[in-house]
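One file, target_21.cif, carrying mmCIF, C-alpha atoms:
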data_data
loop_
_atom_site.group_PDB
_atom_site.id
_atom_site.type_symbol
_atom_site.label_atom_id
_atom_site.label_comp_id
_atom_site.auth_asym_id
_atom_site.auth_seq_id
_atom_site.Cartn_x
_atom_site.Cartn_y
_atom_site.Cartn_z
ATOM 1 C CA MET A 1 -1.871 17.021 4.759
ATOM 2 C CA LYS A 2 -3.653 16.679 8.088
ATOM 3 C CA VAL A 3 -1.995 15.553 11.318
ATOM 4 C CA GLY A 4 -4.028 13.547 13.777
ATOM 5 C CA ILE A 5 -3.897 10.951 16.511
ATOM 6 C CA ALA A 6 -4.445 7.216 16.351
ATOM 7 C CA ASP A 7 -5.440 7.029 19.987
ATOM 8 C CA TYR A 8 -4.813 3.416 20.988
ATOM 9 C CA GLY A 9 -2.072 4.443 23.413
ATOM 10 C CA LEU A 10 -4.298 7.036 25.080
ATOM 11 C CA ASN A 11 -6.918 4.392 25.759
ATOM 12 C CA VAL A 12 -4.284 2.082 27.229
ATOM 13 C CA TRP A 13 -2.909 4.796 29.536
ATOM 14 C CA TYR A 14 -6.270 6.045 30.769
ATOM 15 C CA GLY A 15 -8.004 2.664 30.675
ATOM 16 C CA ALA A 16 -10.662 3.744 28.176
ATOM 17 C CA LEU A 17 -12.140 6.759 26.416
ATOM 18 C CA TYR A 18 -14.382 8.383 29.005
ATOM 19 C CA ASP A 19 -15.086 11.813 27.528
ATOM 20 C CA PHE A 20 -14.856 12.351 23.778
ATOM 21 C CA ASP A 21 -15.198 16.149 23.993
ATOM 22 C CA LYS A 22 -12.410 16.414 26.560
ATOM 23 C CA ARG A 23 -10.115 14.272 24.433
ATOM 24 C CA ILE A 24 -10.537 16.267 21.264
ATOM 25 C CA ASP A 25 -10.212 19.545 23.192
ATOM 26 C CA ASP A 26 -6.878 18.308 24.556
ATOM 27 C CA LEU A 27 -5.689 17.262 21.095
ATOM 28 C CA ARG A 28 -6.845 20.507 19.484
ATOM 29 C CA ALA A 29 -4.851 22.477 22.061
ATOM 30 C CA LEU A 30 -1.714 20.591 20.978
ATOM 31 C CA GLY A 31 -2.316 21.441 17.330
ATOM 32 C CA TYR A 32 -3.764 18.156 16.088
ATOM 33 C CA ASP A 33 -6.360 18.197 13.330
ATOM 34 C CA GLY A 34 -8.387 15.206 14.450
ATOM 35 C CA VAL A 35 -8.492 11.507 15.217
ATOM 36 C CA GLU A 36 -8.269 8.512 12.943
ATOM 37 C CA ARG A 37 -11.340 6.550 13.942
ATOM 38 C CA VAL A 38 -14.583 7.371 15.653
ATOM 39 C CA SER A 39 -16.333 4.379 17.201
ATOM 40 C CA PRO A 40 -19.990 5.380 17.604
ATOM 41 C CA ASN A 41 -22.548 3.143 19.264
ATOM 42 C CA SER A 42 -25.447 4.547 17.230
ATOM 43 C CA ALA A 43 -26.187 6.768 14.247
ATOM 44 C CA SER A 44 -27.005 9.652 16.589
ATOM 45 C CA ASP A 45 -23.701 9.141 18.416
ATOM 46 C CA LEU A 46 -21.895 9.301 15.064
ATOM 47 C CA LEU A 47 -23.679 12.560 14.290
ATOM 48 C CA ASN A 48 -22.826 14.012 17.696
ATOM 49 C CA LYS A 49 -19.135 13.088 17.397
ATOM 50 C CA SER A 50 -18.987 14.461 13.855
ATOM 51 C CA VAL A 51 -20.525 17.745 14.999
ATOM 52 C CA ALA A 52 -18.204 17.976 18.005
ATOM 53 C CA LEU A 53 -15.177 17.654 15.741
ATOM 54 C CA LYS A 54 -16.550 20.012 13.106
ATOM 55 C CA LYS A 55 -17.286 22.659 15.737
ATOM 56 C CA ARG A 56 -13.608 22.639 16.708
ATOM 57 C CA GLY A 57 -12.344 22.718 13.130
ATOM 58 C CA MET A 58 -11.292 19.080 13.418
ATOM 59 C CA ASP A 59 -12.076 15.920 11.491
ATOM 60 C CA PHE A 60 -11.739 12.130 11.427
ATOM 61 C CA ALA A 61 -10.707 9.627 8.781
ATOM 62 C CA THR A 62 -12.937 6.591 9.191
ATOM 63 C CA VAL A 63 -15.718 4.991 11.215
ATOM 64 C CA ARG A 64 -15.388 1.785 13.200
ATOM 65 C CA ALA A 65 -18.868 0.557 14.051
ATOM 66 C CA GLY A 66 -19.989 -2.677 15.650
ATOM 67 C CA ASP A 67 -19.900 -4.605 12.370
ATOM 68 C CA ILE A 68 -18.156 -4.240 9.021
ATOM 69 C CA GLU A 69 -21.269 -3.489 6.983
ATOM 70 C CA THR A 70 -22.211 -0.595 9.242
ATOM 71 C CA SER A 71 -18.622 0.645 9.205
ATOM 72 C CA ILE A 72 -18.757 0.746 5.399
ATOM 73 C CA LYS A 73 -22.085 2.554 5.275
ATOM 74 C CA TRP A 74 -21.290 5.121 7.965
ATOM 75 C CA THR A 75 -17.823 5.807 6.550
ATOM 76 C CA ALA A 76 -19.365 6.418 3.124
ATOM 77 C CA ALA A 77 -22.221 8.487 4.560
ATOM 78 C CA THR A 78 -19.803 10.835 6.323
ATOM 79 C CA GLY A 79 -17.756 11.322 3.162
ATOM 80 C CA LYS A 80 -14.648 9.529 4.400
ATOM 81 C CA ARG A 81 -12.301 7.530 2.196
ATOM 82 C CA TYR A 82 -11.503 4.188 3.792
ATOM 83 C CA ILE A 83 -12.236 1.559 6.388
ATOM 84 C CA TRP A 84 -9.669 -0.702 7.998
ATOM 85 C CA VAL A 85 -9.264 -4.286 6.865
ATOM 86 C CA GLU A 86 -10.154 -6.378 9.903
ATOM 87 C CA GLN A 87 -8.490 -9.797 9.858
ATOM 88 C CA SER A 88 -11.344 -12.287 9.686
ATOM 89 C CA PRO A 89 -11.274 -15.163 12.199
ATOM 90 C CA HIS A 90 -12.321 -17.377 9.292
ATOM 91 C CA ALA A 91 -9.136 -16.562 7.364
ATOM 92 C CA LYS A 92 -6.792 -19.317 8.511
ATOM 93 C CA ASP A 93 -3.962 -18.470 6.132
ATOM 94 C CA PHE A 94 -2.606 -15.701 3.909
ATOM 95 C CA GLU A 95 -4.431 -16.904 0.788
ATOM 96 C CA LYS A 96 -7.803 -16.947 2.504
ATOM 97 C CA HIS A 97 -7.104 -13.532 3.987
ATOM 98 C CA CYS A 98 -6.480 -12.080 0.526
ATOM 99 C CA GLN A 99 -9.664 -13.708 -0.750
ATOM 100 C CA THR A 100 -11.797 -12.145 1.975
ATOM 101 C CA VAL A 101 -10.178 -8.741 1.433
ATOM 102 C CA ASN A 102 -11.064 -8.877 -2.263
ATOM 103 C CA TYR A 103 -14.694 -9.553 -1.326
ATOM 104 C CA LEU A 104 -14.507 -6.637 1.093
ATOM 105 C CA SER A 105 -13.023 -4.430 -1.634
ATOM 106 C CA GLU A 106 -16.015 -5.177 -3.866
ATOM 107 C CA ALA A 107 -18.413 -4.205 -1.083
ATOM 108 C CA CYS A 108 -16.523 -0.977 -0.416
ATOM 109 C CA ARG A 109 -16.436 -0.086 -4.104
ATOM 110 C CA ARG A 110 -20.234 -0.083 -4.218
ATOM 111 C CA TYR A 111 -20.158 2.722 -1.651
ATOM 112 C CA GLY A 112 -17.315 4.681 -3.227
ATOM 113 C CA ILE A 113 -14.717 3.917 -0.559
ATOM 114 C CA VAL A 114 -11.811 1.499 -0.167
ATOM 115 C CA CYS A 115 -10.705 -0.950 2.488
ATOM 116 C CA ALA A 116 -7.117 -0.493 3.625
ATOM 117 C CA VAL A 117 -4.751 -2.896 5.328
ATOM 118 C CA HIS A 118 -2.875 -1.786 8.432
ATOM 119 C CA ASN A 119 0.432 -3.678 8.249
ATOM 120 C CA HIS A 120 1.002 -5.073 11.729
ATOM 121 C CA LEU A 121 3.372 -7.407 13.526
ATOM 122 C CA GLY A 122 1.847 -10.800 14.232
ATOM 123 C CA THR A 123 -0.684 -10.691 11.381
ATOM 124 C CA PHE A 124 -0.804 -12.079 7.853
ATOM 125 C CA VAL A 125 0.637 -8.740 6.648
ATOM 126 C CA GLU A 126 3.721 -8.252 8.801
ATOM 127 C CA THR A 127 6.880 -8.315 6.678
ATOM 128 C CA GLN A 128 7.660 -6.255 3.602
ATOM 129 C CA GLU A 129 7.370 -9.357 1.439
ATOM 130 C CA GLN A 130 3.935 -10.132 2.852
ATOM 131 C CA LEU A 131 2.825 -6.531 2.396
ATOM 132 C CA GLU A 132 3.952 -6.378 -1.223
ATOM 133 C CA THR A 133 2.366 -9.746 -1.999
ATOM 134 C CA PHE A 134 -0.858 -8.627 -0.338
ATOM 135 C CA LEU A 135 -0.984 -5.396 -2.362
ATOM 136 C CA GLU A 136 -0.396 -7.390 -5.535
ATOM 137 C CA ARG A 137 -3.151 -9.899 -4.796
ATOM 138 C CA CYS A 138 -5.598 -7.309 -3.476
ATOM 139 C CA PRO A 139 -5.295 -4.595 -6.142
ATOM 140 C CA GLU A 140 -8.220 -2.497 -4.905
ATOM 141 C CA ALA A 141 -7.070 -2.360 -1.284
ATOM 142 C CA GLY A 142 -5.397 0.707 0.144
ATOM 143 C CA LEU A 143 -2.665 0.918 2.753
ATOM 144 C CA VAL A 144 -2.752 2.369 6.255
ATOM 145 C CA PHE A 145 1.025 2.507 6.312
ATOM 146 C CA ASP A 146 2.481 1.881 9.758
ATOM 147 C CA LEU A 147 6.143 2.831 9.622
ATOM 148 C CA GLY A 148 6.960 1.423 13.044
ATOM 149 C CA HIS A 149 5.515 -2.030 12.467
ATOM 150 C CA LEU A 150 7.239 -2.391 9.097
ATOM 151 C CA ALA A 151 10.582 -1.171 10.440
ATOM 152 C CA VAL A 152 10.510 -3.614 13.355
ATOM 153 C CA ALA A 153 9.683 -6.383 10.872
ATOM 154 C CA GLY A 154 12.865 -5.468 8.971
ATOM 155 C CA GLY A 155 11.212 -3.619 6.099
ATOM 156 C CA ASP A 156 12.349 -0.552 4.166
ATOM 157 C CA VAL A 157 9.777 2.148 4.907
ATOM 158 C CA MET A 158 11.053 4.561 2.279
ATOM 159 C CA GLN A 159 10.960 1.924 -0.424
ATOM 160 C CA ILE A 160 7.321 1.167 0.361
ATOM 161 C CA ALA A 161 6.412 4.863 0.453
ATOM 162 C CA GLU A 162 7.948 5.402 -2.964
ATOM 163 C CA LYS A 163 6.585 2.265 -4.604
ATOM 164 C CA TYR A 164 3.027 2.398 -3.248
ATOM 165 C CA PHE A 165 2.501 6.132 -2.780
ATOM 166 C CA SER A 166 -0.770 6.104 -4.734
ATOM 167 C CA ARG A 167 -2.258 3.420 -2.487
ATOM 168 C CA ILE A 168 -1.434 5.005 0.863
ATOM 169 C CA VAL A 169 -4.587 6.334 2.521
ATOM 170 C CA ALA A 170 -3.017 7.158 5.893
ATOM 171 C CA VAL A 171 0.376 6.995 7.594
ATOM 172 C CA HIS A 172 1.127 5.990 11.191
ATOM 173 C CA VAL A 173 4.350 7.432 12.613
ATOM 174 C CA LYS A 174 6.050 6.122 15.749
ATOM 175 C CA ASP A 175 9.361 4.765 17.003
ATOM 176 C CA TRP A 176 10.378 1.561 18.787
ATOM 177 C CA THR A 177 12.335 0.879 21.940
ATOM 178 C CA GLU A 178 13.893 -2.571 22.090
ATOM 179 C CA THR A 179 14.097 -4.185 25.529
ATOM 180 C CA ASN A 180 14.605 -7.902 24.852
ATOM 181 C CA ALA A 181 15.645 -8.844 21.340
ATOM 182 C CA GLU A 182 15.553 -12.560 22.140
ATOM 183 C CA ALA A 183 11.911 -12.683 23.240
ATOM 184 C CA GLU A 184 9.725 -14.976 21.167
ATOM 185 C CA ARG A 185 6.626 -12.779 20.993
ATOM 186 C CA TRP A 186 6.988 -9.391 19.343
ATOM 187 C CA TRP A 187 5.323 -7.407 22.137
ATOM 188 C CA GLU A 188 7.870 -8.806 24.580
ATOM 189 C CA ARG A 189 10.796 -7.605 22.466
ATOM 190 C CA GLY A 190 10.078 -3.934 23.068
ATOM 191 C CA PHE A 191 7.417 -1.275 22.741
ATOM 192 C CA PHE A 192 6.289 1.420 20.341
ATOM 193 C CA CYS A 193 6.829 4.997 21.464
ATOM 194 C CA GLY A 194 6.782 8.602 20.288
ATOM 195 C CA LEU A 195 8.892 10.257 17.625
ATOM 196 C CA LYS A 196 12.628 10.264 18.415
ATOM 197 C CA GLN A 197 11.995 8.429 21.691
ATOM 198 C CA GLY A 198 13.060 4.970 20.522
ATOM 199 C CA THR A 199 16.198 2.980 19.902
ATOM 200 C CA LEU A 200 15.418 1.739 16.381
ATOM 201 C CA GLY A 201 15.493 5.075 14.604
ATOM 202 C CA VAL A 202 12.485 4.518 12.318
ATOM 203 C CA ASN A 203 12.838 6.772 9.270
ATOM 204 C CA ASN A 204 9.678 8.741 10.038
ATOM 205 C CA GLU A 205 11.276 12.018 8.989
ATOM 206 C CA GLY A 206 12.320 10.732 5.585
ATOM 207 C CA VAL A 207 8.888 9.332 4.792
ATOM 208 C CA VAL A 208 6.982 12.395 6.026
ATOM 209 C CA LYS A 209 9.159 14.748 3.987
ATOM 210 C CA TYR A 210 8.830 12.488 0.949
ATOM 211 C CA MET A 211 5.037 12.427 1.253
ATOM 212 C CA LEU A 212 4.980 16.220 1.523
ATOM 213 C CA LYS A 213 7.197 16.545 -1.533
ATOM 214 C CA ARG A 214 4.850 14.316 -3.520
ATOM 215 C CA GLY A 215 1.869 16.475 -2.556
ATOM 216 C CA TYR A 216 0.241 13.956 -0.239
ATOM 217 C CA ASP A 217 -3.005 15.427 1.080
ATOM 218 C CA GLY A 218 -4.103 12.644 3.406
ATOM 219 C CA TRP A 219 -3.626 11.993 7.100
ATOM 220 C CA ILE A 220 -0.464 11.530 9.126
ATOM 221 C CA PHE A 221 -1.318 9.938 12.464
ATOM 222 C CA VAL A 222 0.898 9.892 15.520
ATOM 223 C CA GLU A 223 0.337 6.497 17.123
ATOM 224 C CA HIS A 224 2.096 6.467 20.460
ATOM 225 C CA ASP A 225 1.196 2.936 21.583
ATOM 226 C CA THR A 226 3.018 3.008 24.932
ATOM 227 C CA HIS A 227 3.333 5.977 27.263
ATOM 228 C CA LYS A 228 5.741 6.114 30.203
ATOM 229 C CA ARG A 229 4.510 9.531 31.349
ATOM 230 C CA GLU A 230 1.456 11.752 30.918
ATOM 231 C CA PRO A 231 0.386 11.148 27.285
ATOM 232 C CA LEU A 232 -0.258 14.782 26.411
ATOM 233 C CA ALA A 233 3.401 15.582 27.082
ATOM 234 C CA ASP A 234 4.433 12.854 24.652
ATOM 235 C CA LEU A 235 1.931 13.943 22.023
ATOM 236 C CA LYS A 236 2.976 17.585 22.307
ATOM 237 C CA GLU A 237 6.580 16.574 21.712
ATOM 238 C CA SER A 238 5.692 14.480 18.659
ATOM 239 C CA ARG A 239 3.566 17.290 17.213
ATOM 240 C CA GLU A 240 6.446 19.740 17.538
ATOM 241 C CA ILE A 241 8.782 17.301 15.787
ATOM 242 C CA LEU A 242 6.330 16.910 12.914
ATOM 243 C CA ARG A 243 6.147 20.692 12.572
ATOM 244 C CA SER A 244 9.923 20.814 12.296
ATOM 245 C CA TRP A 245 9.617 18.426 9.345
ATOM 246 C CA GLY A 246 7.060 20.675 7.665
ATOM 247 C CA ALA A 247 3.886 18.814 8.622
#
Can you dump the structure from the file as structure tokens?
Amino acid sequence: MKVGIADYGLNVWYGALYDFDKRIDDLRALGYDGVERVSPNSASDLLNKSVALKKRGMDFATVRAGDIETSIKWTAATGKRYIWVEQSPHAKDFEKHCQTVNYLSEACRRYGIVCAVHNHLGTFVETQEQLETFLERCPEAGLVFDLGHLAVAGGDVMQIAEKYFSRIVAVHVKDWTETNAEAERWWERGFFCGLKQGTLGVNNEGVVKYMLKRGYDGWIFVEHDTHKREPLADLKESREILRSWGA
């Protein structure tokens, strides 16, 4: 198992990613093994980022390029396992979304990788029922399993981990702080935060220990979407908690 960062929250706090080398140096110092996605603007930039990580004994899981075809090719070329399923603007409903993902799965198969859905509030794959239906209708797709999003949607994270273990390509761990349960839009009801910082009590520990017990050798990513203080302090705390769980 490798422990990395899904760095959305860092980009929100700082406003952008300004210095890739500085970021990975900071994460390496906290004991992280890498980042989930690199987003290169050219093939040479992909090579430079790959080398920078390799030099530090770090790694990444997937490539997000400017278009899906390039993401597939560069992910395959760097020996990585999956790309994210991006929800197509042409998919107006759940059925059409599943159809496009099956086409995407075929394209990925030709390059020896898989596409993987990131279950997310406010998308076609939000609830546990939607996730299970999606995995049934898209049998070649993998799962970037976000424990926080499923828990907030009322799902059973342990049940999904047990039932779909073989299809999980990465795990996102986080907690949730509720601020306004009556708000109509999900992002107004609260915010995602670091491990043991929330009010929901997402069963991150149970899932991480289960994955370890099953011999999971993929990535666990801390995704701290919202920071209320210097992010590196939050990420250090979450890394120490993961170590206490054996990761």
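Of the residues listed (A:Val152, A:Ala161, A:Ile5, A:Ile83), A:Ile5 shows the shortest atom-to-atom separation from Arg28 (chain A); distances use all atoms listed in the file.
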Surrounding residues of region 93-110 of chain A excluding itself and chain neighbours under 6 positions, 8 Å, all atoms listed in the file, as a PDB file with C-alpha atoms, in the coordinates of the input:
ATOM      1  CA  ILE A  72     -18.757   0.746   5.399  1.00  0.00           C
ATOM      2  CA  VAL A  85      -9.264  -4.286   6.865  1.00  0.00           C
ATOM      3  CA  GLN A  87      -8.490  -9.797   9.858  1.00  0.00           C
ATOM      4  CA  PHE A 124      -0.804 -12.079   7.853  1.00  0.00           C
ATOM      5  CA  PHE A 134      -0.858  -8.627  -0.338  1.00  0.00           C
ATOM      6  CA  ARG A 137      -3.151  -9.899  -4.796  1.00  0.00           C
ATOM      7  CA  CYS A 138      -5.598  -7.309  -3.476  1.00  0.00           C
ATOM      8  CA  GLU A 140      -8.220  -2.497  -4.905  1.00  0.00           C
ATOM      9  CA  ALA A 141      -7.070  -2.360  -1.284  1.00  0.00           C
TER      10      ALA A 141
END
task: Would you kindly return, as an NGL selection string, each protein, DNA or RNA residue with an atom no farther than 8 Å from any atom of Lys49 (chain A), considering all atoms listed in the file and excluding same-chain residues fewer than 4 positions away?
output: :A and (20 or 38 or 40 or 45 or 53)
- request: Take the PyMOL selection byres ((chain A and resi 246) around 9), apply it to the structure above, and return the hits as a ChimeraX atom specification.
  value: /A:208-209,212,241-245,247
task: Please provide as a ChimeraX atom specification all residues within 12 Å of Asn203 (chain A), with the sequence filter that same-chain residues fewer than 3 positions apart are discarded (counting all atoms listed in the file).
output: /A:146-152,155-161,172-176,195-196,198-200,206-210
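Between CA of Lys163 (chain A) and CA of Gln197 (chain A) the interatomic distance comes to 27.5 Å.
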statement: Pairwise distance, CA of Lys2 (chain A) with CA of Ala16 (chain A), equals 24.9 Å
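Computed from the coordinates, the CA of Thr62 (chain A) to CA of Glu36 (chain A) distance equals 6.3 Å.
For the choices A:Phe191, A:Trp186, A:Trp13, A:Tyr8, the atom-to-atom distance to Pro231 (chain A) is smallest for A:Trp13 when using all atoms listed in the file.
Counting all atoms listed in the file and comparing A:Ala181, A:Val12, A:Cys115, A:Ala153, the residue that lies closest to Leu131 (chain A) is A:Ala153.
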